[in-house]
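Notes for the one structure printed next.
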Amino acid sequence: MNNTIKYFMWGYQKHFVSSAIAAAQNIFKQLDVKLFHNVFLIGILVEDLEDSYPICIEPEDCGYNIKIFKNIKEYANHFEAIDEENNVFHSHPVAQERHEQAIKNKSYQKAIKKIIRESNNLNDVVSFVSLPVKVQGYMVCVVLQLNEKCYSNYYSLNKDKVDNRYRISTSLIDATIKEYLDGCADALLKPDPGSRLSILNREYEEIIRSAGRRLMFTPGWAGNTIHGLYDACNMISSLKYEGIDGNGKMLISSRGHSNIETIIELESPVSVNNYRAVRKLLEMSSSEFSILSDANKIYGFGNLTGNYDQNKENLFSINFKGYYSWELEHDNHKMMFVKNGKPKLSKTVIEKSKFKNSVKRILNNANEEDLWEIVIEATKQKHGTMIVISNGAKDEAKRLKNQSTKIKPIQITNKIVNMLTSIDGAVLIDPKGVCHAIGVILDGMASEKGTSARGARYNSAIRYIETSNYPTLAVVISEDSTVNLIPDLMPQISKSRIIEKIDILERLQNEEDNISVKKFNHTMDWLTNYSFYLDKDMCEKINTLKKEIQPKLDTDMKILYPDLTPNEEMNETYFIEND
């Protein structure tokens with residue numbers, strides 16, 4: 001009798017998960033380079049296969065012990081029994097069979113989510129699970145994990161279902177997750193999944209575009225139609241009227257919404273798919289009056305009134321921002337920016353804590369709250385702008401007087417921010433919020449940190465900061481509402497965290513045998529990820545311990561970690577004070 005247990009589900013599972021990881025990395029970095037964390041597979045044996053393990057995880061070192069899934073079938077049976085869809089019946093036997101299988105599939109998905117959520121293995125990630133697909137006797141799910149802190153930085157709606165049944169997307173990230181997991185599930189349905197180089201049939205940018213189109217179903221539901229809104233907005237924004245790019249706002253809700261005041265009503269509503277007619281109407285909109293639409297027809301002009309209950313999530317706006325550019329907004333929260341047909345996350349509001357931390361670490365005696373209010377107001381500038389906060393603002397205004405508009409120093413208030421940022425060039429202020437010059441053309445030497453992927457505003461800020469004689473912080477606000485701080489300081493961490501990891505390596509080094517490979521790899525992974533914070537002595541110690549431990553590891557698969565080197569930009573200010 002063969003006593004060998006098969007720890008694999010099918011022959012190409014390693015290839016499949018490798019391709020799934022590569023795809024996720026490439027897709028989610030287009031939204032935010034810090035977003036992606038990991039992808040792995042979970043398979044539950046549902047057929048009586050000899051010598052096969054009841055639960056399989058690929059890869060095995062994904063951070064979860066397979067034992068935590070031992071009761072997964074009991075959890076799944078519980079979710080299946082309480083599913084509300086059990087009250088729905090289909091007259092056709094085939095349709096009823098599919099309905100019952102869909103309930104069973106959801107039950108496995110929910111069970112995996114519950115187990116991962118309650119395992120507390122990785123508190124800094126948020127996990128998403130695909131619906132299972134049967135592969136050679138196993139119900140296989142793809143688990144996608146994202147960086148929780150990065151994920152939570154972006155605005156998201158609360159409701160993910162309408163009419164208590166139909167799923168909708170709550171954000172561009174949410175829509176992209178659905179597109180990715182659906183693509184993985186489709187790939188699992190094919191013969192020998194993973195046998196080809198790529199598991200997804202579409203280009204990564206096309207997946208992001210599909211996610212943007214999927215997200216636009218959500219404001220569509222707020223009106224009375226779900227199809228065509230994404231493509232309509234793209235086409236309308238691409239059209240000029242008498243040579244002028246389109247700017248204006250379209251409010252989307254059901255007709256008769258309590259927070260919409262109709263000023264002018266069209267006798268014959270215009271279809272949103274009549275792009276040229278809508279573009280003409282857009283030219284009539286203004287800061288006071290918006291186009292009114294139910295996502296299917298344009299029926300008039302009006303504006304917002306009363307106090308909108310954001311929890312209802314049934315009123316959205318489309319802000320047209322020039323040639324082939326528009327954004328989706330809910331209750332003043334920007335959900336998506338689309339330029340040249342490519343959706344992006346909107347980063348209008350930066351983290352307040354990060355901004356204040358940067359101000360405190362870079363500038364002297366700054367009015368942090370006043371500076372924060374100035375920056376937030378500046379993010380409303382339609383064409384983008386730049387705020388340069390310098391300890392030497394007064395002297396720099398004199399030095400750059402021939403390439404700026406020098407003004408008598410004035411304390412900036414919210415009322416004048418829009419005016420000061422309305423012309424090209426930077427606004428130069430001191431740490432107290434006093435403006436010394438506007439329309440400043442910054443100078444500076446070329447920098448290796450510059451990038452052709454960003455515009456002139458971003459690159460000029462980098463050049464100026466690197467060669468400035470004064471401590472300076474630049475806030476670059478791009479046309480798509482993306483906000484960057486330059487320098488973009490690494491966050492402060494506790495020095496004791498590094499010491500703890502080095503202590504772990506020292507204990508492992510002192511062990512003669514049975515050294516935990518997992519503990520070594522997890523420790524080295526952490527130190528590699530946080531290598532920026534390591535000084536010369538720390539790097540040398542870690543490199544020495546690594547070289548002494550690796551030969552003792554009892555494993556055929558060894559990860560070769562490169563030697564760590566200190567970063568020249570690292571200093572003690574990156575450690576939390578009074579740690």
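Following the order of the structure tokens, first chain is A, next is B, and so on, with residues numbered from 1 inside each chain and ligands from 1 in the order they appear.
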
Enumerate, as a ChimeraX atom specification, the complete set of residues in range 354-510 of chain A that a backbone-based DSSP assignment places in alpha helix (DSSP H). /A:354-362,368-378,393-399,414-420,456-467,495-510

Residues of range 94-190 of chain A that have any atom at most 8 Å from an atom of range 215-232 of chain A: could you tabulate them with the shortest-distance atom pair and the distance in Å to one decimal, using only C-alpha atoms, ordered by chain and increasing number, as a tab-separated table?
```
residue	atom	partner	partner_atom	distance
A:Val162	CA	A:Trp221	CA	7.8
A:Ile168	CA	A:Thr218	CA	5.8
A:Ser169	CA	A:Leu215	CA	5.4
A:Thr170	CA	A:Leu215	CA	7.3
A:Ser171	CA	A:Leu215	CA	6.6
A:Leu172	CA	A:Leu215	CA	6.2
A:Ala175	CA	A:Leu215	CA	5.8
```

Pull the strand (DSSP E) assignments for range 266-317 of chain A out of DSSP run on the backbone, and list those residues as number ranges by chain. A: 266-271, 290-293, 297-304, 316-317

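With distances restricted to only C-alpha atoms, A:Lys34 is the closest residue to Asn147 in chain A from A:Ser210, A:Ala95, A:Ala111, A:Lys34.
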
Selection: 8 Å around Tyr204 in chain A, only C-alpha atoms, excl. self and same-chain fewer than 3 positions, as number ranges by chain: A: 23, 26-27, 207-208

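Between His15 in chain A and the candidates A:Ser195, A:Ser286, A:Asn65, A:Asn234, the tightest atom-to-atom separation, counting only C-alpha atoms, involves A:Ser195.
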
So what do you get for CA of Leu292 in chain A versus CA of Tyr154 in chain A, distance-wise?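 So the two atoms, CA of Leu292 in chain A and CA of Tyr154 in chain A, lie 27.0 Å apart.
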
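Across A:Ile498, A:Cys141, A:Leu527, A:Leu345, the tightest approach to Tyr561 in chain A is made by A:Leu527 when counting only C-alpha atoms.
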
List the spatial neighbours of range 177-189 of chain A as a ChimeraX atom specification - criterion: any atom at most 8 Å away, only C-alpha atoms, same-chain residues fewer than 4 positions off excluded. /A:20,24,128-135,141-142,144,173,193-194,199-200,207,210-211

Tell me, as a ChimeraX atom specification, which residues lie within 6 Å of range 420-431 of chain A, counting only C-alpha atoms; anything in the same chain fewer than 6 positions away does not count. /A:366,386-391,393,437-441

May I have the selected residues written with N, CA and C atoms, as a short mmCIF file (atom, residue, chain, number, x, y, z; two decimals), in the first residue's frame?
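The result, stored in result_18.cif:
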```cif
data_model
loop_
_atom_site.label_atom_id
_atom_site.label_comp_id
_atom_site.auth_asym_id
_atom_site.auth_seq_id
_atom_site.Cartn_x
_atom_site.Cartn_y
_atom_site.Cartn_z
N ALA A 366 7.14 75.53 13.39
CA ALA A 366 6.07 75.66 12.39
C ALA A 366 4.69 75.63 13.04
N MET A 386 1.82 74.02 -6.38
CA MET A 386 2.89 73.59 -5.49
C MET A 386 3.07 74.61 -4.37
N ILE A 387 3.13 74.11 -3.15
CA ILE A 387 3.41 74.93 -1.97
C ILE A 387 4.81 74.56 -1.49
N VAL A 388 5.68 75.56 -1.40
CA VAL A 388 7.04 75.33 -0.89
C VAL A 388 7.15 76.03 0.46
N ILE A 389 7.40 75.23 1.50
CA ILE A 389 7.51 75.77 2.86
C ILE A 389 8.98 75.70 3.26
N SER A 390 9.57 76.86 3.51
CA SER A 390 11.02 76.92 3.74
C SER A 390 11.35 77.77 4.96
N ASN A 391 12.33 77.30 5.74
CA ASN A 391 12.84 78.11 6.84
C ASN A 391 13.48 79.40 6.32
N ALA A 393 12.36 81.19 3.62
CA ALA A 393 11.45 81.72 2.61
C ALA A 393 11.72 83.19 2.31
N ALA A 437 6.30 85.00 -1.78
CA ALA A 437 6.35 85.11 -3.24
C ALA A 437 5.39 84.10 -3.86
N ILE A 438 4.89 84.41 -5.04
CA ILE A 438 4.02 83.49 -5.78
C ILE A 438 4.56 83.34 -7.20
N GLY A 439 4.08 82.33 -7.90
CA GLY A 439 4.54 82.10 -9.27
C GLY A 439 6.03 81.87 -9.36
N VAL A 440 6.60 81.22 -8.33
CA VAL A 440 8.05 81.04 -8.26
C VAL A 440 8.51 79.93 -9.21
N ILE A 441 9.48 80.24 -10.07
CA ILE A 441 10.11 79.23 -10.91
C ILE A 441 11.33 78.73 -10.14
#
```

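Going from CA of Gln13 in chain A over to CA of Asp192 in chain A, you cover 8.8 Å.
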
Contacts of range 409-419 of chain A at 10 Å (only C-alpha atoms; same-chain gap of 5+ positions) as an NGL selection string: :A and (370-371 or 373-382 or 385 or 394 or 427 or 429-430 or 432-437)

Determine, counting only C-alpha atoms, which protein, DNA and RNA residues have an atom within 12 Å of an atom of Met235 in chain A; residues of the same chain fewer than 3 positions away are not included. Present the result as a PyMOL selection string. chain A and resi 228-232+238-240+246+272-279+320+323-326+338-341

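Considering the residues A:Val140, A:Cys56, A:Val359, A:Leu560 and counting only C-alpha atoms, Ala474 in chain A has its shortest atom-to-atom contact with A:Val359.
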
Looking at only C-alpha atoms, which of A:Gln30, A:Ser19, A:Asn259, A:Ser127 is the one that sits closest to Ser198 in chain A?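 Closest residue, counting only C-alpha atoms: A:Ser19.
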